[in-house]
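Raw contents of upload33.txt, compact mmCIF, C-alpha atoms:
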```txt
# COMPACT_ATOMS: atom_id res chain seq x y z
CA MET J 1 107.51 157.29 71.81
CA ASP J 2 109.84 157.71 68.81
CA PHE J 3 109.35 160.30 66.10
CA GLY J 4 107.49 158.01 63.70
CA GLU J 5 105.05 156.99 66.41
CA SER J 6 104.51 160.64 67.32
CA CYS J 7 103.69 161.46 63.68
CA ILE J 8 101.07 158.70 63.57
CA SER J 9 99.66 159.66 66.96
CA PHE J 10 99.12 163.34 66.09
CA PHE J 11 98.76 163.34 62.28
CA ASN J 12 97.58 159.76 61.56
CA THR J 13 100.52 159.25 59.21
CA LYS J 14 104.30 159.13 59.29
CA ASP J 15 104.61 160.32 55.69
CA PHE J 16 106.27 163.73 55.91
CA TYR J 17 104.59 164.97 52.72
CA GLU J 18 101.15 164.00 53.98
CA ILE J 19 101.83 165.80 57.25
CA LEU J 20 102.59 169.04 55.35
CA ASN J 21 99.76 168.29 52.88
CA ILE J 22 102.00 168.70 49.83
CA PRO J 23 102.95 166.40 46.91
CA ARG J 24 106.34 164.68 46.84
CA THR J 25 107.23 166.88 43.87
CA ALA J 26 106.76 170.07 45.90
CA SER J 27 109.42 172.74 45.44
CA GLN J 28 111.46 174.01 48.39
CA ARG J 29 109.35 177.17 48.31
CA GLU J 30 106.17 175.08 48.59
CA VAL J 31 107.67 173.10 51.48
CA ARG J 32 108.48 176.33 53.29
CA LYS J 33 105.02 177.80 52.65
CA ALA J 34 103.24 174.66 53.84
CA TYR J 35 105.31 174.59 57.03
CA HIS J 36 104.70 178.29 57.65
CA THR J 37 100.93 177.95 57.24
CA LEU J 38 100.61 174.86 59.44
CA SER J 39 103.03 176.13 62.07
CA LEU J 40 100.93 179.27 62.47
CA THR J 41 97.88 177.06 62.97
CA TYR J 42 99.56 175.03 65.72
CA HIS J 43 101.87 177.66 67.22
CA PRO J 44 101.56 177.25 71.04
CA ASP J 45 101.10 181.00 71.50
CA LYS J 46 98.19 181.16 69.05
CA VAL J 47 95.82 178.56 70.50
CA GLU J 48 93.58 178.42 73.54
CA ASP J 49 94.92 176.97 76.79
CA SER J 50 92.83 173.81 76.39
CA GLU J 51 94.49 173.09 73.02
CA ARG J 52 98.04 174.11 73.89
CA GLU J 53 99.41 170.70 74.88
CA GLU J 54 98.33 169.00 71.65
CA ALA J 55 99.29 172.03 69.53
CA THR J 56 102.77 172.06 71.09
CA GLU J 57 103.37 168.43 70.10
CA LYS J 58 102.15 169.06 66.56
CA PHE J 59 104.28 172.19 66.36
CA LYS J 60 107.39 170.20 67.33
CA ILE J 61 106.62 167.48 64.77
CA LEU J 62 106.13 170.07 62.02
CA GLY J 63 109.47 171.66 62.88
CA LYS J 64 111.25 168.32 62.64
CA VAL J 65 109.56 167.41 59.36
CA PHE J 66 110.44 170.80 57.89
CA SER J 67 114.06 170.60 59.09
CA ILE J 68 114.40 167.41 57.04
CA LEU J 69 112.48 168.33 53.89
CA ASN J 70 113.99 171.81 53.77
CA ASP J 71 117.50 170.31 53.70
CA VAL J 72 118.24 169.08 50.16
CA GLU J 73 120.58 166.30 51.30
CA LYS J 74 118.31 165.08 54.12
CA ARG J 75 115.29 165.24 51.84
CA SER J 76 117.06 163.15 49.20
CA ILE J 77 117.84 160.47 51.78
CA TYR J 78 114.26 160.50 53.05
CA ASP J 79 112.88 160.25 49.49
CA ASP J 80 115.15 157.29 48.76
CA THR J 81 114.55 155.38 51.99
CA GLY J 82 111.11 156.56 53.09
CA SER J 83 112.41 157.02 56.63
CA TRP J 84 114.77 159.11 58.72
CA SER J 85 117.26 157.88 61.29
CA GLU J 86 117.06 159.66 64.64
CA GLU J 87 120.25 158.18 66.00
CA GLY J 88 121.95 160.66 68.29
CA GLU J 89 119.13 163.20 68.22
CA ASP J 90 115.93 163.83 70.13
CA PHE J 91 113.41 166.08 68.42
CA THR J 92 111.60 166.78 71.72
CA GLU J 93 114.63 168.48 73.27
CA ARG J 94 115.15 171.07 70.56
CA ASP J 95 113.71 174.57 70.98
CA TRP J 96 111.34 174.49 68.00
CA VAL J 97 109.92 177.94 68.73
CA GLU J 98 113.42 179.39 68.39
CA PHE J 99 113.92 177.27 65.26
CA TRP J 100 110.72 178.77 63.84
CA ARG J 101 111.83 182.32 64.64
CA ASN J 102 115.11 181.78 62.82
CA TYR J 103 113.20 181.09 59.61
CA PHE J 104 110.41 183.63 59.89
CA LYS J 105 111.03 187.23 60.89
CA GLU J 106 108.96 188.81 63.64
CA VAL J 107 105.67 189.87 62.10
CA THR J 108 103.97 193.09 63.20
CA ILE J 109 100.24 193.75 63.15
CA THR J 110 100.79 196.16 60.24
CA ASP J 111 102.55 193.40 58.28
CA LEU J 112 99.65 191.02 58.88
CA ASP J 113 97.03 193.60 57.87
CA LYS J 114 98.89 194.38 54.66
CA TYR J 115 99.35 190.71 53.78
CA ALA J 116 95.70 189.95 54.56
CA ASP J 117 94.53 192.70 52.18
CA GLU J 118 96.76 191.34 49.40
CA TYR J 119 95.82 187.72 50.09
CA LYS J 120 92.03 187.99 50.13
CA GLY J 121 90.63 187.56 46.63
CA SER J 122 94.01 186.53 45.21
CA ASP J 123 94.95 183.46 43.17
CA GLU J 124 96.94 182.25 46.18
CA GLU J 125 93.83 182.34 48.35
CA LEU J 126 91.85 180.49 45.66
CA GLU J 127 94.39 177.65 45.57
CA ASP J 128 94.26 177.41 49.36
CA LEU J 129 90.45 177.40 49.27
CA LYS J 130 90.44 174.53 46.77
CA LYS J 131 92.80 172.49 48.94
CA ALA J 132 90.78 173.18 52.09
CA TYR J 133 87.51 172.31 50.32
CA GLU J 134 88.78 168.97 49.07
CA LYS J 135 90.63 168.12 52.29
CA CYS J 136 87.52 168.76 54.40
CA LYS J 137 85.08 167.27 51.87
CA GLY J 138 83.14 170.53 51.73
CA ASP J 139 82.60 170.86 55.50
CA PHE J 140 82.75 174.62 55.99
CA ASP J 141 83.22 174.30 59.76
CA LYS J 142 86.45 172.36 59.23
CA MET J 143 87.55 174.47 56.27
CA PHE J 144 87.81 177.59 58.40
CA GLN J 145 90.72 175.97 60.24
CA TYR J 146 92.75 175.97 57.01
CA ILE J 147 91.77 179.30 55.44
CA MET J 148 94.07 182.13 56.43
CA PHE J 149 92.51 185.42 57.60
CA ALA J 150 88.96 184.10 57.09
CA THR J 151 86.31 185.85 59.17
CA VAL J 152 82.55 185.60 59.37
CA GLU J 153 82.33 188.51 56.91
CA ASP J 154 84.29 186.47 54.35
CA GLU J 155 81.97 183.46 54.36
CA GLU J 156 79.68 184.49 51.49
CA ARG J 157 82.62 185.67 49.38
CA ILE J 158 84.44 182.36 49.94
CA ARG J 159 81.30 180.37 49.26
CA GLY J 160 80.82 182.28 46.03
CA ARG J 161 84.35 181.56 44.81
CA LEU J 162 83.98 177.86 45.52
CA MET J 163 80.47 177.59 44.05
CA LYS J 164 81.78 179.03 40.80
CA LEU J 165 84.42 176.28 40.62
CA ILE J 166 81.80 173.63 41.46
CA GLU J 167 79.53 174.88 38.66
CA GLN J 168 82.49 174.73 36.27
CA ASP J 169 83.19 171.12 37.39
CA GLU J 170 86.60 172.11 38.71
CA LEU J 171 85.63 170.88 42.17
CA PRO J 172 83.40 167.99 43.28
CA SER J 173 79.96 168.89 44.60
CA TYR J 174 79.60 167.92 48.27
CA ASP J 175 76.04 168.05 49.61
CA ILE J 176 77.26 169.22 53.02
CA PHE J 177 78.55 172.36 51.28
CA VAL J 178 76.00 172.96 48.53
CA ASN J 179 72.97 172.24 50.74
CA GLU J 180 74.34 173.13 54.15
CA PRO J 181 71.55 173.32 56.78
CA GLN J 182 70.81 176.85 58.01
CA GLU J 183 71.09 175.69 61.62
CA LYS J 184 74.67 174.52 61.01
CA ARG J 185 75.55 177.86 59.39
CA ASP J 186 74.01 179.82 62.27
CA ARG J 187 76.07 177.87 64.82
CA ARG J 188 79.25 178.57 62.88
CA ILE J 189 78.46 182.27 62.58
CA ARG J 190 77.90 182.54 66.34
CA ARG J 191 81.18 180.75 67.01
CA LEU J 192 83.12 182.89 64.52
CA ARG J 193 81.74 186.11 65.97
CA LYS J 194 82.75 185.01 69.45
CA GLU J 195 86.26 184.15 68.21
CA ALA J 196 86.45 187.48 66.35
CA LYS J 197 85.67 189.36 69.57
CA GLU J 198 88.38 187.44 71.41
CA ALA J 199 90.85 188.12 68.58
CA GLU J 200 89.96 191.82 68.63
CA ASP J 201 90.81 192.00 72.33
CA VAL J 202 94.17 190.33 71.65
CA VAL J 203 94.93 192.79 68.82
CA LYS J 204 94.07 195.78 71.01
CA LYS J 205 96.45 194.50 73.68
CA ALA J 206 99.20 193.92 71.10
CA LYS J 207 98.76 197.43 69.67
CA LYS J 208 99.12 198.92 73.14
CA GLU J 209 102.34 196.93 73.59
CA GLN J 210 103.65 198.21 70.24
CA GLU J 211 102.83 201.79 71.22
CA PHE J 212 104.73 201.31 74.47
CA GLU J 213 107.73 200.03 72.48
CA GLU J 214 107.52 203.10 70.22
CA LEU J 215 107.50 205.35 73.27
CA THR J 216 110.52 203.54 74.74
CA LYS J 217 112.46 203.85 71.47
CA ALA J 218 111.60 207.54 71.20
CA ILE J 219 112.86 208.22 74.71
CA LEU J 220 116.04 206.18 74.24
CA SER J 221 116.82 207.90 70.95
CA ARG J 222 116.84 211.22 72.78
CA LYS J 223 118.53 210.10 75.98
CA THR J 224 121.61 212.22 75.19
CA GLN J 225 119.49 215.27 74.40
CA THR J 226 117.46 217.60 76.56
CA PRO J 227 113.81 216.91 75.69
CA THR J 228 112.11 219.91 74.16
CA MET J 229 108.64 221.01 75.23
CA GLY J 230 107.35 220.19 71.74
CA PHE J 231 108.61 216.63 72.05
CA LEU J 232 107.05 216.19 75.49
CA GLU J 233 103.75 217.63 74.30
CA SER J 234 103.68 215.26 71.32
CA LEU J 235 104.19 212.29 73.65
CA GLU J 236 101.46 213.61 75.93
CA GLN J 237 99.00 213.91 73.05
CA LYS J 238 99.73 210.38 71.89
CA PHE J 239 99.95 208.46 75.14
CA ALA J 240 98.26 210.46 77.94
CA PRO J 241 94.70 209.38 78.82
CA LYS J 242 92.05 211.50 77.15
CA GLY J 243 90.68 214.29 79.28
CA LYS J 244 93.88 214.56 81.31
CA LYS J 245 96.68 217.01 80.73
CA ALA J 246 100.13 216.99 82.20
CA LYS J 247 100.79 219.78 84.64
CA LYS J 248 103.13 222.40 83.30
CA SER J 249 105.71 223.75 85.70
CA ARG J 250 106.02 227.45 85.86
CA SER J 251 109.02 229.23 87.21
CA LYS J 252 108.34 232.31 89.27
CA SER J 253 110.68 235.19 88.72
CA LYS J 254 111.77 237.20 91.70
CA LYS J 255 111.08 240.84 91.67
```
Spit out the file's structure as structure tokens when you get a sec.
Amino acid sequence: MDFGESCISFFNTKDFYEILNIPRTASQREVRKAYHTLSLTYHPDKVEDSEREEATEKFKILGKVFSILNDVEKRSIYDDTGSWSEEGEDFTERDWVEFWRNYFKEVTITDLDKYADEYKGSDEELEDLKKAYEKCKGDFDKMFQYIMFATVEDEERIRGRLMKLIEQDELPSYDIFVNEPQEKRDRRIRRLRKEAKEAEDVVKKAKKEQEFEELTKAILSRKTQTPTMGFLESLEQKFAPKGKKAKKSRSKSKK
């Protein structure tokens, strides 16, 4: 299967701009943002095992599309011809995860929490909500796949922002959104709560890994020094299980 066929198979189009869900007039910054958002959605490490195979293929396609549209010369050729020659290259053989890492720095949990706080309620979120609403024709279940950082607690806030735009005739009124059956909402809430619990477990594990890295760095930074008792006690307080204390060695002096 060539690249064009892969695009159609996984995204139902071979138009690069449709795949990234951006207009042909999009700036390079908008191209980068669209790729970043979609690549996070389909990153192989961020989906369940049952979805990993399909997500991996989509992730590879997104990387290839971005590598072309992010290059001014390649993008110009694509815009002029409507196609891209793959002669001498195979997009499936490239390490697209490594390609992704080269463009986006490693993100810590603290970075994500800070960005989420700034994003929620912002103009940027509102624009993303409008796009998700129109793309999914008001189907809230589908919209949650495109709204960053959205949780079950955000549903009423998001609904309120969109209803305001609908009342102002800035968005079309879809019955599936305006008059959504309570049963459908209840199913979504149960699913989101289950996913939130799973995500919480992942975050707890990641935080433990970060703490271990902090401990390793602290020890390595002092590897040429003799650890003081204060330093050891501070590590004990931070990392030792609660209720347990390290045994202190006592030297006995000879009389």
query: So how far away is atom CA of J:Arg32 from atom CA of J:Glu73, in Å?
result: 15.8 Å
task: Give the answer as one residue: which of J:Arg161, J:Arg75, J:Ala196, J:Asp186 has the shortest atom-to-atom distance to J:Asp123, using only C-alpha atoms?
output: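 For J:Asp123, the nearest of the candidates is J:Arg161.
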message: Using only C-alpha atoms, can you tell me which of J:Asp2, J:Glu195, J:Asp45, J:Glu57 comes closest to J:Lys14?
response: J:Asp2
- prompt: Hey, can you check how far atom CA of J:Ser67 sits from atom CA of J:Val31?
  reply: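 About the pair atom CA of J:Ser67 and atom CA of J:Val31: they are 10.2 Å apart.
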Polymer residues at most 12 Å from J:Tyr35, only C-alpha atoms, same-chain spacing of 6 or more positions, as a CSV table (one decimal) with C-alpha atoms, keeping the file's coordinate frame:
```csv
chain,number,residue,atom,x,y,z
J,16,PHE,CA,106.3,163.7,55.9
J,17,TYR,CA,104.6,165.0,52.7
J,18,GLU,CA,101.2,164.0,54.0
J,19,ILE,CA,101.8,165.8,57.2
J,20,LEU,CA,102.6,169.0,55.4
J,21,ASN,CA,99.8,168.3,52.9
J,22,ILE,CA,102.0,168.7,49.8
J,28,GLN,CA,111.5,174.0,48.4
J,29,ARG,CA,109.4,177.2,48.3
J,41,THR,CA,97.9,177.1,63.0
J,42,TYR,CA,99.6,175.0,65.7
J,43,HIS,CA,101.9,177.7,67.2
J,58,LYS,CA,102.2,169.1,66.6
J,59,PHE,CA,104.3,172.2,66.4
J,60,LYS,CA,107.4,170.2,67.3
J,61,ILE,CA,106.6,167.5,64.8
J,62,LEU,CA,106.1,170.1,62.0
J,63,GLY,CA,109.5,171.7,62.9
J,64,LYS,CA,111.2,168.3,62.6
J,65,VAL,CA,109.6,167.4,59.4
J,66,PHE,CA,110.4,170.8,57.9
J,67,SER,CA,114.1,170.6,59.1
J,68,ILE,CA,114.4,167.4,57.0
J,69,LEU,CA,112.5,168.3,53.9
J,70,ASN,CA,114.0,171.8,53.8
J,100,TRP,CA,110.7,178.8,63.8
J,103,TYR,CA,113.2,181.1,59.6
J,104,PHE,CA,110.4,183.6,59.9
```
Who sits within 12 Å of J:Ile166, all atoms listed in the file, same chain under 4 positions skipped, as a PyMOL selection string: chain J and resi 130+133-134+138+159-162+170-175+177-178
- prompt: Which value, in Å to one decimal, gives the distance between atom CA of J:Ile8 and atom CA of J:Arg24?
  reply: 18.5 Å
task: Identify which of the residues J:Cys7, J:Lys114, J:Gly121, J:Leu129 lies closest to J:Leu165, counting all atoms listed in the file when measuring atom-to-atom distances.
output: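 Of J:Cys7, J:Lys114, J:Gly121, J:Leu129, the one nearest J:Leu165, counting all atoms listed in the file, is J:Leu129.
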message: Which residue is closest to J:Lys131? Choose from J:Phe3, J:Phe149, J:Tyr115, J:Phe144 and count only C-alpha atoms.
response: J:Phe144
task: Tell me which of J:Met148, J:Cys136, J:Leu192, J:Leu38 sits closest to J:Tyr119, counting only C-alpha atoms.
output: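 That would be J:Met148, the residue with the smallest distance to J:Tyr119.
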- request: For J:Lys120, please output as a ChimeraX atom specification all residues within 10 Å (counting only C-alpha atoms; exclusion window: fewer than 2 positions along the same chain).
  value: /J:115-118,122-126,148-150,154,157-158
